[in-house]
>>> print(open('input_17.cif').read())   # mmCIF, C-alpha atoms
data_upload
loop_
_atom_site.label_atom_id
_atom_site.label_comp_id
_atom_site.auth_asym_id
_atom_site.auth_seq_id
_atom_site.Cartn_x
_atom_site.Cartn_y
_atom_site.Cartn_z
CA MET R 1 -77.94 33.07 -29.62
CA ASN R 2 -78.99 34.88 -26.48
CA SER R 3 -80.47 38.36 -26.43
CA SER R 4 -77.15 40.01 -25.57
CA GLY R 5 -75.63 38.35 -28.63
CA PHE R 6 -78.33 39.85 -30.82
CA THR R 7 -77.76 43.24 -29.20
CA PHE R 8 -74.04 43.15 -29.89
CA ARG R 9 -74.65 42.08 -33.49
CA ARG R 10 -76.97 45.02 -34.07
CA VAL R 11 -74.64 47.62 -32.53
CA ARG R 12 -71.70 46.12 -34.43
CA GLU R 13 -73.62 46.68 -37.66
CA GLU R 14 -74.30 50.26 -36.57
CA MET R 15 -70.56 50.70 -35.95
CA ILE R 16 -69.80 49.61 -39.53
CA GLU R 17 -72.35 52.10 -40.88
CA MET R 18 -70.71 54.82 -38.79
CA LEU R 19 -67.26 53.92 -40.14
CA LEU R 20 -68.59 54.19 -43.68
CA GLU R 21 -70.02 57.61 -42.91
CA MET R 22 -66.68 58.69 -41.41
CA GLY R 23 -64.86 57.85 -44.63
CA ILE R 24 -63.53 54.30 -44.27
CA LYS R 25 -63.81 53.08 -47.86
CA ASP R 26 -61.94 49.77 -47.93
CA PHE R 27 -64.61 47.08 -47.69
CA ARG R 28 -61.96 44.52 -46.73
CA VAL R 29 -61.34 46.52 -43.56
CA LEU R 30 -65.04 47.00 -42.87
CA ASP R 31 -65.59 43.27 -43.29
CA ALA R 32 -62.82 42.44 -40.81
CA MET R 33 -64.12 45.00 -38.31
CA SER R 34 -67.58 43.46 -38.58
CA GLN R 35 -66.21 40.04 -37.67
CA VAL R 36 -64.15 40.99 -34.60
CA PRO R 37 -66.31 41.24 -31.43
CA ARG R 38 -64.85 44.32 -29.74
CA HIS R 39 -66.81 43.70 -26.54
CA ILE R 40 -64.77 40.65 -25.54
CA PHE R 41 -61.67 42.86 -25.25
CA LEU R 42 -63.29 44.93 -22.50
CA ASP R 43 -64.23 44.38 -18.89
CA GLU R 44 -67.86 43.43 -18.34
CA ALA R 45 -68.75 46.89 -17.01
CA LEU R 46 -67.76 48.55 -20.30
CA ARG R 47 -69.13 46.04 -22.77
CA SER R 48 -72.37 47.93 -23.37
CA ARG R 49 -70.23 50.77 -24.82
CA ALA R 50 -67.96 48.53 -26.89
CA TYR R 51 -69.22 49.65 -30.31
CA GLU R 52 -69.24 53.37 -29.64
CA ASN R 53 -66.57 55.30 -31.53
CA ARG R 54 -64.47 56.04 -28.48
CA SER R 55 -61.36 54.77 -26.77
CA LEU R 56 -62.05 52.90 -23.54
CA THR R 57 -59.87 51.96 -20.61
CA ILE R 58 -58.31 48.50 -20.47
CA GLY R 59 -56.50 49.18 -17.19
CA TYR R 60 -52.83 49.99 -16.50
CA LYS R 61 -53.42 53.56 -17.81
CA GLN R 62 -53.93 52.10 -21.29
CA THR R 63 -56.86 52.26 -23.70
CA ILE R 64 -58.37 50.28 -26.54
CA SER R 65 -58.35 52.54 -29.60
CA GLN R 66 -61.61 53.85 -31.01
CA PRO R 67 -62.95 51.77 -33.92
CA TYR R 68 -62.36 54.55 -36.46
CA ILE R 69 -58.65 54.72 -35.63
CA VAL R 70 -58.24 50.93 -35.83
CA ALA R 71 -60.00 50.92 -39.19
CA ARG R 72 -58.08 53.96 -40.46
CA MET R 73 -54.65 52.60 -39.51
CA THR R 74 -55.46 49.21 -41.03
CA GLU R 75 -56.74 50.84 -44.21
CA LEU R 76 -53.56 52.89 -44.54
CA LEU R 77 -51.37 49.83 -43.91
CA ILE R 78 -52.92 47.79 -46.73
CA SER R 79 -53.91 50.57 -49.17
CA HIS R 80 -51.25 49.54 -51.70
CA THR R 81 -52.76 46.05 -51.99
CA LYS R 82 -55.89 45.11 -53.90
CA SER R 83 -56.69 41.44 -53.35
CA ARG R 84 -58.67 39.94 -50.50
CA GLY R 85 -57.41 37.67 -47.76
CA LYS R 86 -53.86 37.58 -46.41
CA VAL R 87 -52.30 40.40 -48.45
CA LEU R 88 -49.24 40.79 -46.18
CA ASN R 89 -46.80 38.19 -44.88
CA GLN R 90 -45.27 39.22 -41.54
CA VAL R 91 -46.36 42.45 -39.83
CA LEU R 92 -44.97 44.03 -36.68
CA GLU R 93 -47.38 45.56 -34.17
CA LEU R 94 -46.00 47.75 -31.40
CA GLY R 95 -48.16 48.42 -28.35
CA SER R 96 -50.67 45.63 -28.88
CA GLY R 97 -52.63 46.39 -25.69
CA CYS R 98 -55.53 43.99 -25.23
CA GLY R 99 -55.20 42.53 -28.74
CA TYR R 100 -58.09 44.21 -30.59
CA GLN R 101 -55.98 45.73 -33.37
CA SER R 102 -54.08 42.42 -33.53
CA ALA R 103 -57.34 40.58 -34.18
CA VAL R 104 -58.24 42.92 -37.03
CA LEU R 105 -54.74 42.59 -38.53
CA SER R 106 -55.03 38.79 -38.39
CA TYR R 107 -57.40 38.92 -41.36
CA PHE R 108 -54.75 40.54 -43.58
CA CYS R 109 -51.45 39.02 -42.42
CA GLU R 110 -50.00 35.54 -42.51
CA GLN R 111 -48.43 36.35 -39.14
CA VAL R 112 -48.50 39.30 -36.74
CA HIS R 113 -45.57 39.85 -34.36
CA ALA R 114 -47.17 41.84 -31.54
CA ILE R 115 -45.06 43.49 -28.82
CA GLU R 116 -46.54 44.89 -25.59
CA ARG R 117 -44.50 46.31 -22.68
CA ILE R 118 -47.09 45.58 -19.95
CA LYS R 119 -47.06 41.90 -19.03
CA PRO R 120 -50.68 41.52 -17.80
CA LEU R 121 -51.90 42.91 -21.14
CA VAL R 122 -49.82 40.32 -23.00
CA THR R 123 -51.54 37.62 -20.96
CA LYS R 124 -54.96 39.16 -21.60
CA SER R 125 -54.27 39.43 -25.34
CA ARG R 126 -53.38 35.77 -25.57
CA GLU R 127 -56.59 34.87 -23.75
CA ASN R 128 -58.69 37.10 -26.02
CA LEU R 129 -57.24 35.74 -29.25
CA SER R 130 -57.50 32.17 -27.97
CA GLU R 131 -61.20 32.74 -27.28
CA LEU R 132 -61.61 33.90 -30.89
CA LYS R 133 -59.55 30.95 -32.18
CA ILE R 134 -57.17 33.34 -33.95
CA ASN R 135 -53.77 31.64 -34.01
CA ASN R 136 -51.57 33.72 -36.34
CA ILE R 137 -50.56 36.30 -33.70
CA LEU R 138 -47.29 35.96 -31.78
CA PHE R 139 -47.46 38.08 -28.62
CA LYS R 140 -44.23 39.10 -26.95
CA HIS R 141 -43.63 40.92 -23.68
CA GLY R 142 -41.00 43.44 -24.68
CA ASP R 143 -39.84 46.99 -25.39
CA GLY R 144 -41.34 48.29 -28.62
CA PHE R 145 -38.29 50.44 -29.28
CA VAL R 146 -35.83 47.56 -29.47
CA ASP R 147 -37.34 44.11 -29.00
CA TRP R 148 -38.55 43.20 -32.46
CA ASP R 149 -36.77 40.45 -34.40
CA GLN R 150 -33.88 42.12 -36.24
CA ASP R 151 -33.57 39.15 -38.62
CA ILE R 152 -37.05 39.59 -40.09
CA LYS R 153 -38.06 41.97 -42.87
CA TYR R 154 -41.66 42.98 -42.26
CA ASP R 155 -44.36 43.80 -44.79
CA GLY R 156 -45.65 46.50 -42.49
CA VAL R 157 -45.43 48.04 -39.02
CA ILE R 158 -48.34 49.44 -37.05
CA CYS R 159 -47.93 51.22 -33.73
CA ALA R 160 -50.61 52.04 -31.14
CA ALA R 161 -48.55 54.35 -28.95
CA ALA R 162 -46.99 57.69 -29.83
CA PRO R 163 -43.24 58.35 -29.73
CA ARG R 164 -42.05 61.94 -30.10
CA GLN R 165 -40.22 60.80 -33.22
CA TYR R 166 -40.59 57.48 -34.94
CA PRO R 167 -37.67 55.07 -34.44
CA GLN R 168 -35.48 55.25 -37.56
CA ASP R 169 -34.48 51.63 -37.04
CA LEU R 170 -37.99 50.60 -38.04
CA ILE R 171 -37.29 51.60 -41.64
CA GLU R 172 -34.50 49.03 -41.76
CA SER R 173 -36.98 46.37 -40.64
CA LEU R 174 -39.22 46.92 -43.68
CA ASN R 175 -39.36 45.14 -46.98
CA VAL R 176 -39.47 47.38 -50.06
CA ASP R 177 -42.98 48.73 -50.82
CA SER R 178 -43.99 48.36 -47.17
CA LYS R 179 -45.26 50.91 -44.64
CA ILE R 180 -45.03 52.07 -41.07
CA VAL R 181 -48.28 53.50 -39.68
CA ILE R 182 -47.51 55.33 -36.45
CA PRO R 183 -48.77 58.28 -34.38
CA VAL R 184 -46.01 60.80 -33.69
CA GLY R 185 -46.01 63.75 -31.31
CA ASN R 186 -46.41 64.88 -27.73
CA SER R 187 -49.32 65.22 -25.32
CA LYS R 188 -50.56 68.37 -27.07
CA LEU R 189 -50.33 67.35 -30.74
CA GLN R 190 -50.02 63.95 -32.37
CA GLN R 191 -50.44 63.15 -36.04
CA LEU R 192 -50.76 59.86 -37.83
CA ASN R 193 -47.64 59.31 -39.95
CA VAL R 194 -47.27 56.84 -42.80
CA ILE R 195 -43.69 56.09 -43.84
CA THR R 196 -43.37 54.08 -47.05
CA LYS R 197 -40.13 52.35 -48.01
CA LEU R 198 -39.70 52.33 -51.77
CA SER R 199 -36.81 50.87 -53.72
CA ASP R 200 -35.07 54.22 -54.13
CA LYS R 201 -36.50 56.52 -51.44
CA ILE R 202 -38.56 56.92 -48.28
CA GLU R 203 -41.91 58.70 -48.50
CA GLU R 204 -43.48 60.33 -45.44
CA ASP R 205 -47.14 61.37 -45.34
CA ILE R 206 -49.11 62.92 -42.49
CA TYR R 207 -52.79 62.20 -41.95
CA ASP R 208 -55.27 62.65 -39.07
CA GLU R 209 -54.64 64.33 -35.76
CA VAL R 210 -54.85 61.60 -33.14
CA ALA R 211 -54.53 61.04 -29.38
CA PHE R 212 -52.58 57.99 -28.21
CA VAL R 213 -50.84 57.08 -24.99
CA PRO R 214 -47.11 57.88 -25.18
CA MET R 215 -44.72 55.19 -26.37
CA LEU R 216 -42.50 54.39 -23.40
CA PRO R 217 -39.20 52.48 -23.32
CA GLY R 218 -38.56 49.44 -21.20
CA ILE R 219 -40.94 46.78 -19.93
CA SER R 220 -43.39 46.62 -17.04
CA MET R 221 -44.27 43.53 -15.06
CA ASP R 222 -47.45 44.98 -13.55
CA GLY R 223 -48.22 48.23 -15.36
CA ASN R 224 -47.64 50.44 -12.33
CA ASP R 225 -44.89 52.40 -14.06
CA SER R 226 -46.88 53.00 -17.24
#
>>> encode(input="input_17.cif", output="C-alpha cells")
Amino acid sequence: MNSSGFTFRRVREEMIEMLLEMGIKDFRVLDAMSQVPRHIFLDEALRSRAYENRSLTIGYKQTISQPYIVARMTELLISHTKSRGKVLNQVLELGSGCGYQSAVLSYFCEQVHAIERIKPLVTKSRENLSELKINNILFKHGDGFVDWDQDIKYDGVICAAAPRQYPQDLIESLNVDSKIVIPVGNSKLQQLNVITKLSDKIEEDIYDEVAFVPMLPGISMDGNDS
C-alpha cells in the first residue's frame, strides 16, 4: 500500500473514534463506515479532508453528507434489528448524490433502490460503486417525489434532501415495522424525522437538527437547475 493509503487508513480510524465520541453506538454501523473509503467519492482536491466531520461539495450545488449524519441516519434506520449482515431486504434511498450513503447502506440491505435527480451524479455514483465492487445498488435517474417503484414494499426509506413536509405516499411504500428516515423543514430549520409504520399505527419521532439541501421535484440532465 502506498503512503497515501496508509494516511487514509489512519484518518478513517480517527473518524470512527470521533463517531463513537459523538454518540454513534451501533458497532455494525461503525464497522460499515470503517470499510467505505469516503475519499473516493470526492474530487482529488478535497480528498485530504474526506474524513473530517463536515459536508463537502460534490458539484451541482450538492454535498456529500458529513460522516456523523450518514452514521446517524443509518443507525436510526436499522435500530429495530439486532443481527449482523443484511438485516433489511429492499431499501429506498432518495437523493443518493455521489453514492456514499448508498455504499454504507449496501452492508445492511439485500438491495438498495437509489434515486437521484441530477444525471451526472447518477453516472458518478455508478462509477464509485463499481470501483468498490459493490453490486447491490440500483441507481435510477428520477424524481424522488414520484419515481420509486410503486409495486415494491420497502423495508426502509432514507432521504438525503429535505422536503418541507415528507411525502405521505412514502408510508404506503413501507412494509410493516419499517421506517422512513428523512430531514424535514426549510432553509432556517430542518429536523431529522423518523416515521415508523406499525401494524396498527404510524409513529413519528423527531431527532437532531440538521442542514440538507432542499428536496426538489423533477429531474435535471446537467444540474444547472438544482
>>> resolve_selection(input="input_17.cif", expression="the PyMOL selection byres ((chain R and resi 36) around 8)", output="list of chain:residue names")
R:Ala32, R:Met33, R:Ser34, R:Gln35, R:Pro37, R:Arg38, R:Tyr100, R:Ala103, R:Val104
>>> resolve_selection(input="input_17.cif", expression="the PyMOL selection byres ((chain R and resi 154) around 8)", output="list of chain:residue names")
R:Asn89, R:Gln90, R:Val91, R:Leu92, R:Ile152, R:Lys153, R:Asp155, R:Gly156, R:Val157, R:Ser173, R:Leu174, R:Asn175, R:Ser178
>>> closest_residue(input="input_17.cif", among="R:Leu46, R:Ile180, R:Met18, R:Val11", to="Leu77 of chain R", atoms="all atoms listed in the file")
R:Ile180
>>> closest_residue(input="input_17.cif", among="R:Asp31, R:Glu116, R:Glu44, R:Asp205", to="Gly223 of chain R", atoms="all atoms listed in the file")
R:Glu116
>>> atom_distance(input="input_17.cif", atom1="atom CA of Cys109 of chain R", atom2="atom CA of Leu216 of chain R")
26.0 Å
>>> decode(input="input_17.cif", residues="segment 202-226 of chain R", atoms="N, CA and C atoms", output="mmCIF file, in the first residue's frame")
data_model
loop_
_atom_site.group_PDB
_atom_site.id
_atom_site.type_symbol
_atom_site.label_atom_id
_atom_site.label_comp_id
_atom_site.auth_asym_id
_atom_site.auth_seq_id
_atom_site.Cartn_x
_atom_site.Cartn_y
_atom_site.Cartn_z
ATOM 1 N N ILE R 202 -49.030 4.723 12.939
ATOM 2 C CA ILE R 202 -47.804 5.347 12.448
ATOM 3 C C ILE R 202 -47.192 6.140 13.601
ATOM 4 N N GLU R 203 -45.925 5.894 13.880
ATOM 5 C CA GLU R 203 -45.225 6.648 14.916
ATOM 6 C C GLU R 203 -44.284 7.653 14.261
ATOM 7 N N GLU R 204 -44.253 8.875 14.798
ATOM 8 C CA GLU R 204 -43.356 9.903 14.276
ATOM 9 C C GLU R 204 -42.483 10.417 15.413
ATOM 10 N N ASP R 205 -41.175 10.374 15.208
ATOM 11 C CA ASP R 205 -40.213 10.860 16.196
ATOM 12 C C ASP R 205 -39.297 11.886 15.534
ATOM 13 N N ILE R 206 -38.875 12.880 16.305
ATOM 14 C CA ILE R 206 -38.001 13.930 15.805
ATOM 15 C C ILE R 206 -36.675 13.871 16.559
ATOM 16 N N TYR R 207 -35.594 13.921 15.805
ATOM 17 C CA TYR R 207 -34.260 13.812 16.392
ATOM 18 C C TYR R 207 -33.466 15.096 16.118
ATOM 19 N N ASP R 208 -32.251 14.955 15.636
ATOM 20 C CA ASP R 208 -31.299 16.061 15.529
ATOM 21 C C ASP R 208 -31.777 17.172 14.604
ATOM 22 N N GLU R 209 -31.323 18.392 14.896
ATOM 23 C CA GLU R 209 -31.403 19.460 13.907
ATOM 24 C C GLU R 209 -30.328 19.214 12.863
ATOM 25 N N VAL R 210 -30.684 19.391 11.596
ATOM 26 C CA VAL R 210 -29.774 19.053 10.501
ATOM 27 C C VAL R 210 -29.814 20.155 9.447
ATOM 28 N N ALA R 211 -28.925 20.046 8.462
ATOM 29 C CA ALA R 211 -28.886 21.021 7.364
ATOM 30 C C ALA R 211 -28.619 20.275 6.063
ATOM 31 N N PHE R 212 -29.662 20.072 5.281
ATOM 32 C CA PHE R 212 -29.572 19.378 3.997
ATOM 33 C C PHE R 212 -29.963 20.331 2.872
ATOM 34 N N VAL R 213 -29.549 19.985 1.660
ATOM 35 C CA VAL R 213 -30.064 20.701 0.501
ATOM 36 C C VAL R 213 -31.560 20.417 0.395
ATOM 37 N N PRO R 214 -32.336 21.337 -0.180
ATOM 38 C CA PRO R 214 -33.778 21.099 -0.304
ATOM 39 C C PRO R 214 -34.080 19.967 -1.275
ATOM 40 N N MET R 215 -35.153 19.261 -1.022
ATOM 41 C CA MET R 215 -35.613 18.216 -1.933
ATOM 42 C C MET R 215 -36.455 18.869 -3.019
ATOM 43 N N LEU R 216 -35.981 18.755 -4.255
ATOM 44 C CA LEU R 216 -36.637 19.439 -5.372
ATOM 45 C C LEU R 216 -37.352 18.430 -6.264
ATOM 46 N N PRO R 217 -38.470 18.831 -6.855
ATOM 47 C CA PRO R 217 -39.177 17.945 -7.796
ATOM 48 C C PRO R 217 -38.520 17.958 -9.161
ATOM 49 N N GLY R 218 -38.876 17.001 -9.971
ATOM 50 C CA GLY R 218 -38.383 16.954 -11.341
ATOM 51 C C GLY R 218 -37.001 16.343 -11.432
ATOM 52 N N ILE R 219 -36.478 16.321 -12.670
ATOM 53 C CA ILE R 219 -35.141 15.792 -12.904
ATOM 54 C C ILE R 219 -34.282 16.856 -13.591
ATOM 55 N N SER R 220 -32.976 16.669 -13.508
ATOM 56 C CA SER R 220 -32.042 17.583 -14.146
ATOM 57 C C SER R 220 -31.040 16.780 -14.964
ATOM 58 N N MET R 221 -30.822 17.181 -16.196
ATOM 59 C CA MET R 221 -29.872 16.499 -17.044
ATOM 60 C C MET R 221 -28.436 16.917 -16.781
ATOM 61 N N ASP R 222 -28.242 18.159 -16.261
ATOM 62 C CA ASP R 222 -26.888 18.660 -16.075
ATOM 63 C C ASP R 222 -26.656 19.323 -14.730
ATOM 64 N N GLY R 223 -27.690 19.427 -13.901
ATOM 65 C CA GLY R 223 -27.528 20.017 -12.575
ATOM 66 C C GLY R 223 -27.621 21.524 -12.523
ATOM 67 N N ASN R 224 -27.787 22.177 -13.650
ATOM 68 C CA ASN R 224 -27.799 23.637 -13.675
ATOM 69 C C ASN R 224 -29.047 24.227 -13.055
ATOM 70 N N ASP R 225 -30.103 23.448 -12.937
ATOM 71 C CA ASP R 225 -31.335 23.968 -12.328
ATOM 72 C C ASP R 225 -31.496 23.480 -10.891
ATOM 73 N N SER R 226 -30.428 22.951 -10.303
ATOM 74 C CA SER R 226 -30.527 22.436 -8.940
ATOM 75 C C SER R 226 -30.336 23.544 -7.921
#
